[in-house]
file final-v8.txt (compact mmCIF, C-alpha atoms)
# COMPACT_ATOMS: atom_id res chain seq x y z
CA MET A 1 25.39 -0.74 21.77
CA ASP A 2 26.38 1.61 18.95
CA LEU A 3 23.39 1.80 16.60
CA LYS A 4 25.53 3.46 13.90
CA LEU A 5 23.19 6.44 13.56
CA ASP A 6 25.76 9.19 13.86
CA GLY A 7 25.18 11.76 11.12
CA LYS A 8 22.04 10.10 9.76
CA THR A 9 19.20 12.39 8.64
CA THR A 10 15.83 11.25 9.93
CA LEU A 11 12.21 12.35 9.62
CA VAL A 12 9.52 11.54 12.19
CA THR A 13 5.82 12.17 11.53
CA GLY A 14 3.76 12.73 14.65
CA GLY A 15 6.94 14.08 16.18
CA SER A 16 5.43 16.80 18.39
CA ARG A 17 4.20 14.50 21.16
CA GLY A 18 3.90 10.97 22.48
CA ILE A 19 5.81 8.12 20.86
CA GLY A 20 6.91 10.31 17.95
CA ALA A 21 8.47 12.92 20.23
CA SER A 22 10.26 10.24 22.25
CA THR A 23 11.52 8.68 19.02
CA ALA A 24 12.89 12.02 17.79
CA ARG A 25 14.76 12.52 21.06
CA GLN A 26 16.11 8.97 21.04
CA LEU A 27 17.35 9.36 17.47
CA ALA A 28 19.21 12.50 18.50
CA LYS A 29 20.74 10.73 21.48
CA GLU A 30 22.11 8.18 19.03
CA GLY A 31 23.67 10.91 16.90
CA ALA A 32 21.04 11.54 14.21
CA ASP A 33 19.70 14.83 12.87
CA VAL A 34 15.89 14.99 13.03
CA VAL A 35 13.03 16.54 11.09
CA VAL A 36 10.14 16.85 13.56
CA VAL A 37 6.90 16.73 11.58
CA TYR A 38 3.72 17.99 13.21
CA HIS A 39 0.08 18.58 12.30
CA GLN A 40 -1.20 21.37 14.58
CA ASN A 41 1.06 21.26 17.62
CA LYS A 42 3.82 23.60 16.41
CA ARG A 43 4.81 24.53 19.97
CA GLY A 44 5.32 20.87 20.86
CA ALA A 45 7.33 20.30 17.70
CA GLU A 46 9.58 23.27 18.45
CA ALA A 47 10.13 21.99 21.99
CA VAL A 48 11.19 18.59 20.65
CA ALA A 49 13.44 20.26 18.06
CA ASN A 50 15.10 22.26 20.82
CA ASP A 51 15.70 19.02 22.74
CA VAL A 52 17.39 17.62 19.63
CA ARG A 53 19.56 20.73 19.26
CA SER A 54 20.56 20.54 22.94
CA LEU A 55 22.24 17.24 22.02
CA ASN A 56 24.29 19.05 19.36
CA ARG A 57 22.26 17.63 16.50
CA ARG A 58 20.47 19.54 13.75
CA ALA A 59 16.67 19.80 13.85
CA TRP A 60 13.91 21.14 11.63
CA THR A 61 10.15 21.42 12.10
CA PHE A 62 7.88 20.81 9.10
CA PRO A 63 4.05 20.95 9.09
CA LEU A 64 1.96 18.14 7.59
CA ASP A 65 -1.72 17.30 7.21
CA LEU A 66 -1.83 13.66 6.14
CA THR A 67 -5.42 14.08 4.92
CA GLU A 68 -4.44 16.64 2.26
CA MET A 69 -2.43 15.70 -0.82
CA SER A 70 -1.23 19.30 -1.22
CA SER A 71 0.24 19.20 2.29
CA ILE A 72 2.03 15.93 1.54
CA ASP A 73 3.46 17.49 -1.64
CA ASN A 74 4.60 20.55 0.31
CA LEU A 75 6.42 18.37 2.84
CA VAL A 76 8.20 16.48 0.08
CA ASP A 77 9.25 19.80 -1.48
CA LEU A 78 10.65 20.95 1.88
CA VAL A 79 12.63 17.73 2.23
CA LYS A 80 14.13 18.24 -1.22
CA LYS A 81 14.98 21.89 -0.56
CA LYS A 82 16.19 21.72 3.05
CA LEU A 83 17.90 18.33 3.32
CA SER A 84 20.86 16.92 1.46
CA LYS A 85 19.67 13.37 2.13
CA LEU A 86 17.05 11.30 3.97
CA ASP A 87 18.28 8.13 5.66
CA ILE A 88 15.43 7.17 7.98
CA LEU A 89 11.66 7.71 7.81
CA ILE A 90 9.49 7.04 10.86
CA LEU A 91 5.75 7.04 10.09
CA CYS A 92 4.38 7.60 13.57
CA ALA A 93 1.49 10.04 13.15
CA GLY A 94 -1.82 8.56 14.21
CA ARG A 95 -5.38 9.37 15.15
CA SER A 96 -7.70 7.38 17.37
CA ILE A 97 -11.33 8.20 18.12
CA ILE A 98 -13.19 6.23 20.77
CA THR A 99 -16.57 5.40 19.24
CA PRO A 100 -18.65 2.22 19.61
CA PHE A 101 -18.73 0.08 16.48
CA ASN A 102 -22.39 0.75 15.65
CA GLU A 103 -21.94 4.53 15.98
CA ILE A 104 -19.04 5.01 13.56
CA ASP A 105 -20.26 6.92 10.51
CA SER A 106 -18.68 7.19 7.09
CA ASP A 107 -17.01 10.54 7.73
CA GLU A 108 -15.36 9.36 10.93
CA TRP A 109 -14.26 6.10 9.30
CA HIS A 110 -12.54 7.93 6.45
CA ALA A 111 -10.98 10.54 8.77
CA VAL A 112 -9.27 7.84 10.81
CA MET A 113 -8.24 5.87 7.71
CA ASP A 114 -6.72 8.95 6.10
CA VAL A 115 -4.34 9.65 8.98
CA ASN A 116 -3.44 6.07 9.87
CA LEU A 117 -3.24 4.34 6.49
CA ASN A 118 -3.92 6.41 3.37
CA GLY A 119 -1.65 9.30 4.33
CA PRO A 120 1.32 7.13 5.32
CA PHE A 121 1.06 5.26 2.01
CA LEU A 122 1.00 8.46 -0.04
CA LEU A 123 3.83 10.06 1.92
CA LEU A 124 6.01 6.96 1.70
CA LYS A 125 5.46 6.70 -2.05
CA LYS A 126 6.40 10.37 -2.53
CA LEU A 127 9.52 10.21 -0.34
CA VAL A 128 11.03 6.99 -1.70
CA PRO A 129 12.73 8.76 -4.64
CA VAL A 130 14.60 11.13 -2.29
CA MET A 131 15.70 8.49 0.22
CA SER A 132 19.32 7.33 0.36
CA LYS A 133 20.42 3.90 -0.77
CA GLY A 134 20.48 1.78 2.39
CA ALA A 135 17.72 3.89 3.96
CA SER A 136 15.20 2.55 6.46
CA VAL A 137 11.48 3.05 7.05
CA VAL A 138 9.61 2.15 10.23
CA THR A 139 5.83 2.33 10.37
CA VAL A 140 4.09 2.46 13.74
CA SER A 141 1.03 0.24 13.99
CA SER A 142 -0.71 -1.00 17.14
CA VAL A 143 -1.57 -4.11 19.12
CA ALA A 144 -5.15 -3.31 18.06
CA ALA A 145 -4.21 -4.40 14.53
CA HIS A 146 -3.95 -7.97 15.81
CA THR A 147 -6.68 -8.09 18.43
CA GLY A 148 -9.42 -5.84 17.09
CA VAL A 149 -11.19 -3.43 19.44
CA PRO A 150 -14.87 -2.75 20.12
CA ARG A 151 -14.69 1.05 20.52
CA HIS A 152 -12.35 2.12 17.68
CA ALA A 153 -12.72 -0.46 14.94
CA HIS A 154 -11.62 2.05 12.28
CA TYR A 155 -8.31 2.59 14.08
CA ALA A 156 -7.69 -1.15 14.42
CA ALA A 157 -8.53 -1.76 10.77
CA ALA A 158 -6.23 1.02 9.60
CA LYS A 159 -3.36 -0.22 11.76
CA ALA A 160 -3.84 -3.76 10.43
CA GLY A 161 -3.63 -2.34 6.94
CA LEU A 162 -0.43 -0.53 7.89
CA ILE A 163 1.20 -3.85 8.84
CA ASN A 164 0.38 -5.29 5.44
CA LEU A 165 1.45 -2.09 3.69
CA THR A 166 4.79 -2.53 5.47
CA LYS A 167 5.19 -6.03 4.05
CA SER A 168 4.22 -4.94 0.55
CA ALA A 169 6.57 -1.96 0.61
CA ALA A 170 9.37 -4.15 1.95
CA ARG A 171 8.98 -6.47 -1.05
CA VAL A 172 9.02 -3.57 -3.51
CA LEU A 173 11.85 -1.51 -2.02
CA ALA A 174 14.34 -4.19 -0.94
CA PRO A 175 17.27 -4.38 -0.93
CA ASP A 176 17.93 -0.64 -1.24
CA ILE A 177 15.42 0.45 1.42
CA ARG A 178 14.35 -1.62 4.43
CA VAL A 179 10.74 -1.31 5.62
CA ASN A 180 9.62 -2.63 9.01
CA CYS A 181 6.91 -2.02 11.58
CA VAL A 182 6.60 -1.61 15.33
CA ALA A 183 3.22 -2.50 16.87
CA PRO A 184 3.04 -1.01 20.37
CA GLY A 185 0.64 -2.01 23.05
CA ILE A 186 -1.30 0.60 24.99
CA THR A 187 1.13 3.37 25.83
CA ARG A 188 0.94 6.19 28.37
CA THR A 189 0.69 9.07 25.93
CA GLU A 190 -1.99 11.71 25.48
CA MET A 191 -3.72 9.58 22.82
CA GLY A 192 -3.11 6.36 24.72
CA GLN A 193 -4.67 7.81 27.84
CA ASP A 194 -8.01 8.07 26.03
CA THR A 195 -7.84 4.32 25.45
CA ILE A 196 -6.79 3.63 29.04
CA ASP A 197 -9.71 5.69 30.32
CA SER A 198 -12.12 3.58 28.24
CA LEU A 199 -10.88 0.26 29.68
CA SER A 200 -12.33 -1.62 32.61
CA GLU A 201 -10.48 -1.40 35.92
CA GLY A 202 -7.58 -3.82 36.27
CA TYR A 203 -7.12 -4.31 32.51
CA ALA A 204 -3.32 -4.31 32.66
CA ASP A 205 -3.25 -6.88 35.48
CA ARG A 206 -5.61 -9.19 33.57
CA LYS A 207 -4.31 -8.79 30.01
CA LEU A 208 -0.60 -7.95 30.15
CA LEU A 209 2.24 -10.11 31.40
CA ALA A 210 4.04 -6.87 32.28
CA ASP A 211 1.11 -5.84 34.54
CA ARG A 212 1.40 -2.25 33.27
CA PHE A 213 1.14 -0.08 30.17
CA ALA A 214 4.15 0.97 28.09
CA THR A 215 6.01 4.26 28.31
CA PRO A 216 6.66 6.17 25.08
CA GLU A 217 10.39 5.91 25.73
CA GLU A 218 10.23 2.10 25.72
CA VAL A 219 8.45 2.05 22.38
CA ALA A 220 10.79 4.68 20.92
CA GLN A 221 13.85 2.59 21.75
CA SER A 222 12.40 -0.32 19.76
CA ILE A 223 11.60 1.94 16.81
CA VAL A 224 15.09 3.42 16.76
CA PHE A 225 16.73 0.00 16.94
CA LEU A 226 14.64 -1.32 14.05
CA ALA A 227 15.42 1.79 12.00
CA SER A 228 19.15 1.54 12.60
CA PRO A 229 21.81 -0.17 10.47
CA VAL A 230 22.30 -2.64 13.33
CA ALA A 231 18.96 -4.19 12.26
CA GLY A 232 20.15 -4.36 8.65
CA PHE A 233 19.07 -7.97 8.04
CA ILE A 234 15.48 -7.33 9.16
CA HIS A 235 13.04 -6.70 6.29
CA GLY A 236 9.23 -6.65 6.35
CA ALA A 237 8.97 -7.58 10.02
CA THR A 238 6.56 -6.40 12.70
CA LEU A 239 8.04 -6.03 16.18
CA ASP A 240 5.38 -6.40 18.87
CA VAL A 241 6.07 -4.21 21.91
CA ASN A 242 2.98 -4.94 23.95
CA GLY A 243 3.93 -6.28 27.39
CA GLY A 244 2.93 -9.84 26.53
CA ARG A 245 -0.63 -9.01 25.47
CA TYR A 246 -1.02 -12.18 23.35
CA LEU A 247 -0.09 -14.52 26.17
CA ARG A 248 -2.94 -13.69 28.51

call {"tool": "encode", "arguments": {"input": "final-v8.txt", "output": "structure tokens"}}
result
Amino acid sequence: MDLKLDGKTTLVTGGSRGIGASTARQLAKEGADVVVVYHQNKRGAEAVANDVRSLNRRAWTFPLDLTEMSSIDNLVDLVKKKLSKLDILILCAGRSIITPFNEIDSDEWHAVMDVNLNGPFLLLKKLVPVMSKGASVVTVSSVAAHTGVPRHAHYAAAKAGLINLTKSAARVLAPDIRVNCVAPGITRTEMGQDTIDSLSEGYADRKLLADRFATPEEVAQSIVFLASPVAGFIHGATLDVNGGRYLR
């Protein structure tokens, strides 16, 4: 299927590893140019950018700390200076800390909220004025937003908020900009492995119809589809990519 992404300019937060890196590569495979946004992993971001360039697409690497307003402003300035347009925004950066509910303190709560909810809101608000008419935004939430989790309640709460932020933004920005969400299940990434390690043995067999965890490539393909013009009649939706988690 032609996703009609040839020549589109895209930006992916959390693009240096995991689902974000896979999404950046998949966008390039579909013909898009990609801004790979990273927090601290510059080497990973450069590796992803080189993968994009190997597909004869343009790539940039921009730093971003979603917990600092000055860093968000700097990223927006870079977008304005370096890019002629912005067609697709993927808000994929995330932070998860495994801590039992009763042990989460205020500082940890706010640190997780800043990366997973507050930062994406502020960045989206700042980038809307520079996005093209007909542009698309995809936020990346989590199955935890629907189920709740005992060992990272702050992460689940933030991701639930991100789903509702998606719906609110979709109402405000339509019809010129589409806003949708992908909510992955547990995925075999560096961050996802921390969650997998905290689960009881046989979790996937008991809880998932797929009997396994997702790969980042599988999730990325769903994100890229939802971001593409092919999904042009989809507004404010959340696509669950979780191996049938709700049915067991």

call {"tool": "closest_residue", "arguments": {"input": "final-v8.txt", "among": "A:Ile88, A:Leu66, A:Ala47, A:Ile104", "to": "Asn118 (chain A)", "atoms": "only C-alpha atoms"}}
result
A:Leu66

call {"tool": "residues_around", "arguments": {"input": "final-v8.txt", "residues": "region 9-17 of chain A", "least_positions_apart": "6", "cutoff": "7 Å", "atoms": "only C-alpha atoms", "output": "number ranges by chain"}}
result
A: 24, 32-38, 41, 44-45, 48, 85-94

call {"tool": "atom_distance", "arguments": {"input": "final-v8.txt", "atom1": "CA of Gly119 (chain A)", "atom2": "CA of Arg171 (chain A)"}}
result
19.8 Å

call {"tool": "closest_residue", "arguments": {"input": "final-v8.txt", "among": "A:Asp73, A:Glu108, A:Glu68, A:Glu217", "to": "Lys125 (chain A)", "atoms": "all atoms listed in the file"}}
result
A:Asp73

call {"tool": "atom_distance", "arguments": {"input": "final-v8.txt", "atom1": "CA of Ala210 (chain A)", "atom2": "CA of Gly161 (chain A)"}}
result
26.9 Å

call {"tool": "closest_residue", "arguments": {"input": "final-v8.txt", "among": "A:Gln221, A:Asn180, A:Asn242, A:Thr215", "to": "Ala135 (chain A)", "atoms": "all atoms listed in the file"}}
result
A:Asn180

call {"tool": "atom_distance", "arguments": {"input": "final-v8.txt", "atom1": "CA of Leu162 (chain A)", "atom2": "CA of Arg95 (chain A)"}}
result
13.2 Å

call {"tool": "closest_residue", "arguments": {"input": "final-v8.txt", "among": "A:Trp109, A:Ile72, A:Thr187, A:Arg53", "to": "Leu123 (chain A)", "atoms": "all atoms listed in the file"}}
result
A:Ile72

call {"tool": "axis_aligned_box", "arguments": {"input": "final-v8.txt", "around": "region 199-210 of chain A", "padding_each_side": "4 Å", "output": "lines of an AutoDock Vina configuration file"}}
result
center_x = -4.1
center_y = -4.9
center_z = 33.0
size_x = 24.4
size_y = 18.4
size_z = 14.6

call {"tool": "closest_residue", "arguments": {"input": "final-v8.txt", "among": "A:Ala237, A:Ile97, A:Ala21, A:Ala157", "to": "Val52 (chain A)", "atoms": "only C-alpha atoms"}}
result
A:Ala21
